[in-house]
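*Asks:* File name entry20.tsv; file contents TSV, N, CA and C atoms; full text below.
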chain	number	residue	atom	x	y	z
A	241	MET	N	55.73	70.38	-10.50
A	241	MET	CA	55.38	69.64	-9.30
A	241	MET	C	53.87	69.44	-9.25
A	242	LYS	N	53.46	68.23	-8.92
A	242	LYS	CA	52.03	67.91	-8.85
A	242	LYS	C	51.41	68.48	-7.58
A	243	THR	N	50.14	68.83	-7.67
A	243	THR	CA	49.42	69.29	-6.49
A	243	THR	C	49.04	68.07	-5.65
A	244	LYS	N	48.68	68.33	-4.40
A	244	LYS	CA	48.26	67.23	-3.52
A	244	LYS	C	47.02	66.55	-4.08
A	245	LYS	N	46.15	67.31	-4.71
A	245	LYS	CA	44.94	66.74	-5.31
A	245	LYS	C	45.31	65.76	-6.42
A	246	GLU	N	46.27	66.11	-7.25
A	246	GLU	CA	46.72	65.22	-8.33
A	246	GLU	C	47.39	63.97	-7.77
A	247	ILE	N	48.16	64.13	-6.71
A	247	ILE	CA	48.85	63.00	-6.09
A	247	ILE	C	47.84	62.02	-5.48
A	248	VAL	N	46.84	62.55	-4.77
A	248	VAL	CA	45.80	61.69	-4.17
A	248	VAL	C	45.01	61.00	-5.28
A	249	THR	N	44.68	61.73	-6.33
A	249	THR	CA	43.94	61.17	-7.46
A	249	THR	C	44.72	60.01	-8.09
A	250	ASP	N	46.00	60.20	-8.33
A	250	ASP	CA	46.84	59.14	-8.90
A	250	ASP	C	46.85	57.90	-8.01
A	251	LEU	N	46.96	58.12	-6.70
A	251	LEU	CA	46.99	57.00	-5.76
A	251	LEU	C	45.67	56.23	-5.79
A	252	LEU	N	44.56	56.94	-5.81
A	252	LEU	CA	43.25	56.27	-5.84
A	252	LEU	C	43.05	55.49	-7.13
A	253	LYS	N	43.55	56.03	-8.24
A	253	LYS	CA	43.43	55.34	-9.52
A	253	LYS	C	44.20	54.03	-9.52
A	254	LYS	N	45.31	53.98	-8.77
A	254	LYS	CA	46.16	52.78	-8.73
A	254	LYS	C	45.66	51.73	-7.75
A	255	ASN	N	44.75	52.11	-6.85
A	255	ASN	CA	44.29	51.20	-5.80
A	255	ASN	C	42.80	50.92	-5.96
A	256	ALA	N	42.48	49.93	-6.76
A	256	ALA	CA	41.09	49.59	-7.06
A	256	ALA	C	40.34	49.04	-5.84
A	257	MET	N	41.06	48.59	-4.82
A	257	MET	CA	40.43	48.02	-3.63
A	257	MET	C	39.93	49.10	-2.67
A	258	GLY	N	40.24	50.36	-2.95
A	258	GLY	CA	39.81	51.45	-2.10
A	258	GLY	C	40.78	51.72	-0.97
A	259	LEU	N	40.79	52.95	-0.48
A	259	LEU	CA	41.69	53.36	0.59
A	259	LEU	C	40.96	54.23	1.59
A	260	THR	N	41.37	54.15	2.86
A	260	THR	CA	40.83	55.03	3.88
A	260	THR	C	41.68	56.30	3.94
A	261	ILE	N	41.18	57.30	4.65
A	261	ILE	CA	41.93	58.54	4.81
A	261	ILE	C	43.27	58.26	5.48
A	262	VAL	N	43.27	57.40	6.50
A	262	VAL	CA	44.51	57.09	7.22
A	262	VAL	C	45.52	56.40	6.29
A	263	GLU	N	45.05	55.47	5.47
A	263	GLU	CA	45.96	54.79	4.54
A	263	GLU	C	46.55	55.76	3.53
A	264	ILE	N	45.72	56.64	2.99
A	264	ILE	CA	46.22	57.63	2.03
A	264	ILE	C	47.24	58.54	2.71
A	265	SER	N	46.92	58.97	3.92
A	265	SER	CA	47.81	59.84	4.67
A	265	SER	C	49.17	59.19	4.91
A	266	ARG	N	49.16	57.93	5.30
A	266	ARG	CA	50.43	57.22	5.57
A	266	ARG	C	51.23	56.99	4.29
A	267	LEU	N	50.55	56.60	3.22
A	267	LEU	CA	51.25	56.32	1.97
A	267	LEU	C	51.90	57.58	1.38
A	268	LEU	N	51.20	58.71	1.49
A	268	LEU	CA	51.70	59.95	0.88
A	268	LEU	C	52.47	60.83	1.85
A	269	LYS	N	52.45	60.44	3.14
A	269	LYS	CA	53.13	61.22	4.18
A	269	LYS	C	52.63	62.67	4.22
A	270	ILE	N	51.31	62.81	4.19
A	270	ILE	CA	50.68	64.12	4.38
A	270	ILE	C	49.62	63.96	5.47
A	271	SER	N	49.19	65.07	6.06
A	271	SER	CA	48.27	64.99	7.20
A	271	SER	C	46.90	64.46	6.80
A	272	ARG	N	46.24	63.84	7.78
A	272	ARG	CA	44.88	63.32	7.54
A	272	ARG	C	43.93	64.45	7.18
A	273	ASN	N	44.13	65.61	7.80
A	273	ASN	CA	43.26	66.75	7.51
A	273	ASN	C	43.40	67.18	6.05
A	274	THR	N	44.61	67.23	5.54
A	274	THR	CA	44.84	67.59	4.14
A	274	THR	C	44.17	66.58	3.22
A	275	VAL	N	44.31	65.30	3.55
A	275	VAL	CA	43.68	64.24	2.74
A	275	VAL	C	42.16	64.42	2.75
A	276	ALA	N	41.60	64.70	3.92
A	276	ALA	CA	40.15	64.88	4.03
A	276	ALA	C	39.66	66.05	3.17
A	277	VAL	N	40.41	67.12	3.16
A	277	VAL	CA	40.05	68.30	2.35
A	277	VAL	C	40.08	67.94	0.86
A	278	VAL	N	41.14	67.26	0.43
A	278	VAL	CA	41.26	66.86	-0.98
A	278	VAL	C	40.13	65.91	-1.37
A	279	LEU	N	39.83	64.94	-0.50
A	279	LEU	CA	38.76	63.99	-0.79
A	279	LEU	C	37.40	64.68	-0.85
A	280	ALA	N	37.19	65.68	-0.02
A	280	ALA	CA	35.94	66.44	-0.06
A	280	ALA	C	35.80	67.17	-1.40
A	281	GLU	N	36.90	67.73	-1.89
A	281	GLU	CA	36.89	68.40	-3.20
A	281	GLU	C	36.55	67.39	-4.31
A	282	LEU	N	37.19	66.23	-4.26
A	282	LEU	CA	36.95	65.20	-5.28
A	282	LEU	C	35.52	64.67	-5.20
A	283	LYS	N	35.00	64.54	-3.98
A	283	LYS	CA	33.62	64.10	-3.82
A	283	LYS	C	32.66	65.13	-4.44
A	284	GLY	N	32.97	66.40	-4.25
A	284	GLY	CA	32.17	67.48	-4.83
A	284	GLY	C	32.18	67.44	-6.35
A	285	GLU	N	33.27	66.96	-6.92
A	285	GLU	CA	33.39	66.83	-8.38
A	285	GLU	C	32.75	65.53	-8.88
A	286	ASN	N	32.25	64.73	-7.95
A	286	ASN	CA	31.57	63.47	-8.27
A	286	ASN	C	32.48	62.47	-8.98
A	287	VAL	N	33.74	62.39	-8.55
A	287	VAL	CA	34.68	61.44	-9.15
A	287	VAL	C	35.09	60.34	-8.16
A	288	LEU	N	34.48	60.35	-6.96
A	288	LEU	CA	34.78	59.34	-5.96
A	288	LEU	C	33.53	58.55	-5.62
A	289	TYR	N	33.75	57.30	-5.26
A	289	TYR	CA	32.71	56.47	-4.67
A	289	TYR	C	33.19	56.17	-3.25
A	290	ILE	N	32.33	56.41	-2.26
A	290	ILE	CA	32.71	56.20	-0.87
A	290	ILE	C	31.82	55.11	-0.28
A	291	ARG	N	32.46	54.09	0.30
A	291	ARG	CA	31.73	52.97	0.88
A	291	ARG	C	32.08	52.87	2.36
A	292	PRO	N	31.08	53.06	3.24
A	292	PRO	CA	31.35	52.93	4.68
A	292	PRO	C	31.59	51.46	5.07
A	293	VAL	N	32.62	51.24	5.85
A	293	VAL	CA	32.94	49.91	6.37
A	293	VAL	C	33.20	50.08	7.86
A	294	GLY	N	32.19	49.82	8.67
A	294	GLY	CA	32.31	50.08	10.10
A	294	GLY	C	32.47	51.57	10.32
A	295	LYS	N	33.48	51.94	11.10
A	295	LYS	CA	33.75	53.37	11.34
A	295	LYS	C	34.48	54.01	10.17
A	296	ALA	N	35.18	53.22	9.41
A	296	ALA	CA	36.00	53.74	8.31
A	296	ALA	C	35.16	53.91	7.04
A	297	LYS	N	35.71	54.68	6.11
A	297	LYS	CA	35.09	54.83	4.79
A	297	LYS	C	36.17	54.54	3.75
A	298	LEU	N	35.85	53.65	2.84
A	298	LEU	CA	36.77	53.35	1.74
A	298	LEU	C	36.45	54.28	0.58
A	299	HIS	N	37.49	54.86	0.01
A	299	HIS	CA	37.35	55.79	-1.11
A	299	HIS	C	37.86	55.13	-2.38
A	300	TYR	N	37.02	55.14	-3.40
A	300	TYR	CA	37.34	54.54	-4.69
A	300	TYR	C	37.28	55.60	-5.77
A	301	TRP	N	38.14	55.47	-6.76
A	301	TRP	CA	38.12	56.37	-7.91
A	301	TRP	C	36.98	55.95	-8.84
A	302	ARG	N	36.12	56.86	-9.14
A	302	ARG	CA	35.01	56.62	-10.06
A	302	ARG	C	35.33	57.24	-11.42
A	303	GLY	N	36.07	58.35	-11.40
A	303	GLY	CA	36.38	59.06	-12.63
A	303	GLY	C	35.18	59.85	-13.12
A	304	ASN	N	35.33	60.44	-14.29
A	304	ASN	CA	34.20	61.17	-14.85
A	304	ASN	C	34.00	60.75	-16.29
A	305	LYS	N	32.91	61.15	-16.87
A	305	LYS	CA	32.54	60.70	-18.20
A	305	LYS	C	33.46	61.25	-19.29
A	306	ASN	N	34.18	62.31	-19.00
A	306	ASN	CA	35.05	62.94	-20.01
A	306	ASN	C	36.43	62.28	-20.08
A	307	GLU	N	36.72	61.36	-19.14
A	307	GLU	CA	38.03	60.71	-19.14
A	307	GLU	C	38.09	59.59	-20.15
A	308	ASN	N	39.28	59.34	-20.67
A	308	ASN	CA	39.48	58.21	-21.58
A	308	ASN	C	39.78	56.96	-20.81
Would you kindly transcribe this structure into structure tokens?
*Replies:*
Amino acid sequence: MKTKKEIVTDLLKKNAMGLTIVEISRLLKISRNTVAVVLAELKGENVLYIRPVGKAKLHYWRGNKNEN
């Protein structure tokens, strides 16, 4: 079974247009708080690009240099 972090990562990789926390939460049917925690971990790993749009923030997969 995949971890929530892996599931969120897969979703971000498939959505090049970026997603908000609410969109990720609705698509995966997990709480916004859980999504926020996972996104904070990914941001710490420097694999996300975050673009503020008004009050919302769009999250994009940046990946890392070791990925193929």
*Asks:* Step one, run DSSP on the backbone; step two, keep only residues of chain A assigned to alpha helix (DSSP H); then write them as a PDB file with N, CA and C atoms, in the coordinates of the input.
*Replies:*
ATOM      1  N   LYS A 244      48.680  68.330  -4.400  1.00  0.00           N
ATOM      2  CA  LYS A 244      48.260  67.230  -3.520  1.00  0.00           C
ATOM      3  C   LYS A 244      47.020  66.550  -4.080  1.00  0.00           C
ATOM      4  N   LYS A 245      46.150  67.310  -4.710  1.00  0.00           N
ATOM      5  CA  LYS A 245      44.940  66.740  -5.310  1.00  0.00           C
ATOM      6  C   LYS A 245      45.310  65.760  -6.420  1.00  0.00           C
ATOM      7  N   GLU A 246      46.270  66.110  -7.250  1.00  0.00           N
ATOM      8  CA  GLU A 246      46.720  65.220  -8.330  1.00  0.00           C
ATOM      9  C   GLU A 246      47.390  63.970  -7.770  1.00  0.00           C
ATOM     10  N   ILE A 247      48.160  64.130  -6.710  1.00  0.00           N
ATOM     11  CA  ILE A 247      48.850  63.000  -6.090  1.00  0.00           C
ATOM     12  C   ILE A 247      47.840  62.020  -5.480  1.00  0.00           C
ATOM     13  N   VAL A 248      46.840  62.550  -4.770  1.00  0.00           N
ATOM     14  CA  VAL A 248      45.800  61.690  -4.170  1.00  0.00           C
ATOM     15  C   VAL A 248      45.010  61.000  -5.280  1.00  0.00           C
ATOM     16  N   THR A 249      44.680  61.730  -6.330  1.00  0.00           N
ATOM     17  CA  THR A 249      43.940  61.170  -7.460  1.00  0.00           C
ATOM     18  C   THR A 249      44.720  60.010  -8.090  1.00  0.00           C
ATOM     19  N   ASP A 250      46.000  60.200  -8.330  1.00  0.00           N
ATOM     20  CA  ASP A 250      46.840  59.140  -8.900  1.00  0.00           C
ATOM     21  C   ASP A 250      46.850  57.900  -8.010  1.00  0.00           C
ATOM     22  N   LEU A 251      46.960  58.120  -6.700  1.00  0.00           N
ATOM     23  CA  LEU A 251      46.990  57.000  -5.760  1.00  0.00           C
ATOM     24  C   LEU A 251      45.670  56.230  -5.790  1.00  0.00           C
ATOM     25  N   LEU A 252      44.560  56.940  -5.810  1.00  0.00           N
ATOM     26  CA  LEU A 252      43.250  56.270  -5.840  1.00  0.00           C
ATOM     27  C   LEU A 252      43.050  55.490  -7.130  1.00  0.00           C
ATOM     28  N   LYS A 253      43.550  56.030  -8.240  1.00  0.00           N
ATOM     29  CA  LYS A 253      43.430  55.340  -9.520  1.00  0.00           C
ATOM     30  C   LYS A 253      44.200  54.030  -9.520  1.00  0.00           C
ATOM     31  N   LYS A 254      45.310  53.980  -8.770  1.00  0.00           N
ATOM     32  CA  LYS A 254      46.160  52.780  -8.730  1.00  0.00           C
ATOM     33  C   LYS A 254      45.660  51.730  -7.750  1.00  0.00           C
ATOM     34  N   ILE A 261      41.180  57.300   4.650  1.00  0.00           N
ATOM     35  CA  ILE A 261      41.930  58.540   4.810  1.00  0.00           C
ATOM     36  C   ILE A 261      43.270  58.260   5.480  1.00  0.00           C
ATOM     37  N   VAL A 262      43.270  57.400   6.500  1.00  0.00           N
ATOM     38  CA  VAL A 262      44.510  57.090   7.220  1.00  0.00           C
ATOM     39  C   VAL A 262      45.520  56.400   6.290  1.00  0.00           C
ATOM     40  N   GLU A 263      45.050  55.470   5.470  1.00  0.00           N
ATOM     41  CA  GLU A 263      45.960  54.790   4.540  1.00  0.00           C
ATOM     42  C   GLU A 263      46.550  55.760   3.530  1.00  0.00           C
ATOM     43  N   ILE A 264      45.720  56.640   2.990  1.00  0.00           N
ATOM     44  CA  ILE A 264      46.220  57.630   2.030  1.00  0.00           C
ATOM     45  C   ILE A 264      47.240  58.540   2.710  1.00  0.00           C
ATOM     46  N   SER A 265      46.920  58.970   3.920  1.00  0.00           N
ATOM     47  CA  SER A 265      47.810  59.840   4.670  1.00  0.00           C
ATOM     48  C   SER A 265      49.170  59.190   4.910  1.00  0.00           C
ATOM     49  N   ARG A 266      49.160  57.930   5.300  1.00  0.00           N
ATOM     50  CA  ARG A 266      50.430  57.220   5.570  1.00  0.00           C
ATOM     51  C   ARG A 266      51.230  56.990   4.290  1.00  0.00           C
ATOM     52  N   LEU A 267      50.550  56.600   3.220  1.00  0.00           N
ATOM     53  CA  LEU A 267      51.250  56.320   1.970  1.00  0.00           C
ATOM     54  C   LEU A 267      51.900  57.580   1.380  1.00  0.00           C
ATOM     55  N   LEU A 268      51.200  58.710   1.490  1.00  0.00           N
ATOM     56  CA  LEU A 268      51.700  59.950   0.880  1.00  0.00           C
ATOM     57  C   LEU A 268      52.470  60.830   1.850  1.00  0.00           C
ATOM     58  N   ARG A 272      46.240  63.840   7.780  1.00  0.00           N
ATOM     59  CA  ARG A 272      44.880  63.320   7.540  1.00  0.00           C
ATOM     60  C   ARG A 272      43.930  64.450   7.180  1.00  0.00           C
ATOM     61  N   ASN A 273      44.130  65.610   7.800  1.00  0.00           N
ATOM     62  CA  ASN A 273      43.260  66.750   7.510  1.00  0.00           C
ATOM     63  C   ASN A 273      43.400  67.180   6.050  1.00  0.00           C
ATOM     64  N   THR A 274      44.610  67.230   5.540  1.00  0.00           N
ATOM     65  CA  THR A 274      44.840  67.590   4.140  1.00  0.00           C
ATOM     66  C   THR A 274      44.170  66.580   3.220  1.00  0.00           C
ATOM     67  N   VAL A 275      44.310  65.300   3.550  1.00  0.00           N
ATOM     68  CA  VAL A 275      43.680  64.240   2.740  1.00  0.00           C
ATOM     69  C   VAL A 275      42.160  64.420   2.750  1.00  0.00           C
ATOM     70  N   ALA A 276      41.600  64.700   3.920  1.00  0.00           N
ATOM     71  CA  ALA A 276      40.150  64.880   4.030  1.00  0.00           C
ATOM     72  C   ALA A 276      39.660  66.050   3.170  1.00  0.00           C
ATOM     73  N   VAL A 277      40.410  67.120   3.160  1.00  0.00           N
ATOM     74  CA  VAL A 277      40.050  68.300   2.350  1.00  0.00           C
ATOM     75  C   VAL A 277      40.080  67.940   0.860  1.00  0.00           C
ATOM     76  N   VAL A 278      41.140  67.260   0.430  1.00  0.00           N
ATOM     77  CA  VAL A 278      41.260  66.860  -0.980  1.00  0.00           C
ATOM     78  C   VAL A 278      40.130  65.910  -1.370  1.00  0.00           C
ATOM     79  N   LEU A 279      39.830  64.940  -0.500  1.00  0.00           N
ATOM     80  CA  LEU A 279      38.760  63.990  -0.790  1.00  0.00           C
ATOM     81  C   LEU A 279      37.400  64.680  -0.850  1.00  0.00           C
ATOM     82  N   ALA A 280      37.190  65.680  -0.020  1.00  0.00           N
ATOM     83  CA  ALA A 280      35.940  66.440  -0.060  1.00  0.00           C
ATOM     84  C   ALA A 280      35.800  67.170  -1.400  1.00  0.00           C
ATOM     85  N   GLU A 281      36.900  67.730  -1.890  1.00  0.00           N
ATOM     86  CA  GLU A 281      36.890  68.400  -3.200  1.00  0.00           C
ATOM     87  C   GLU A 281      36.550  67.390  -4.310  1.00  0.00           C
ATOM     88  N   LEU A 282      37.190  66.230  -4.260  1.00  0.00           N
ATOM     89  CA  LEU A 282      36.950  65.200  -5.280  1.00  0.00           C
ATOM     90  C   LEU A 282      35.520  64.670  -5.200  1.00  0.00           C
ATOM     91  N   LYS A 283      35.000  64.540  -3.980  1.00  0.00           N
ATOM     92  CA  LYS A 283      33.620  64.100  -3.820  1.00  0.00           C
ATOM     93  C   LYS A 283      32.660  65.130  -4.440  1.00  0.00           C
ATOM     94  N   GLY A 284      32.970  66.400  -4.250  1.00  0.00           N
ATOM     95  CA  GLY A 284      32.170  67.480  -4.830  1.00  0.00           C
ATOM     96  C   GLY A 284      32.180  67.440  -6.350  1.00  0.00           C
TER      97      GLY A 284
END
*Asks:* Using all atoms listed in the file, find the one residue out of A:Ser265, A:Gly284, A:Val278, A:Leu298 that sits nearest to Lys244 of chain A.
*Replies:*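 Closest candidate: A:Val278.
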*Asks:* Per DSSP on the backbone, what are the strand (DSSP E or B) residues of chain A, as a list in words?
*Replies:*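 For chain A, the strand (DSSP E or B) set is Leu259, Leu288, Tyr289, Ile290, Arg291, Pro292, Val293, Ala296, Lys297, Leu298, His299, Tyr300 and Trp301 of chain A.
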*Asks:* Around the point (35.9, 58.2, -9.5) (coordinates from the file), which residues reach within 6 Å if we count only C-alpha atoms? Answer as a ChimeraX atom specification.
*Replies:* /A:287-288,301-303
*Asks:* Applying 8 Å and all atoms listed in the file, which residues near segment 267-276 of chain A remain after dropping the ones on its own chain fewer than 6 positions away? List them as a ChimeraX atom specification.
*Replies:* /A:244,247-248,261,282
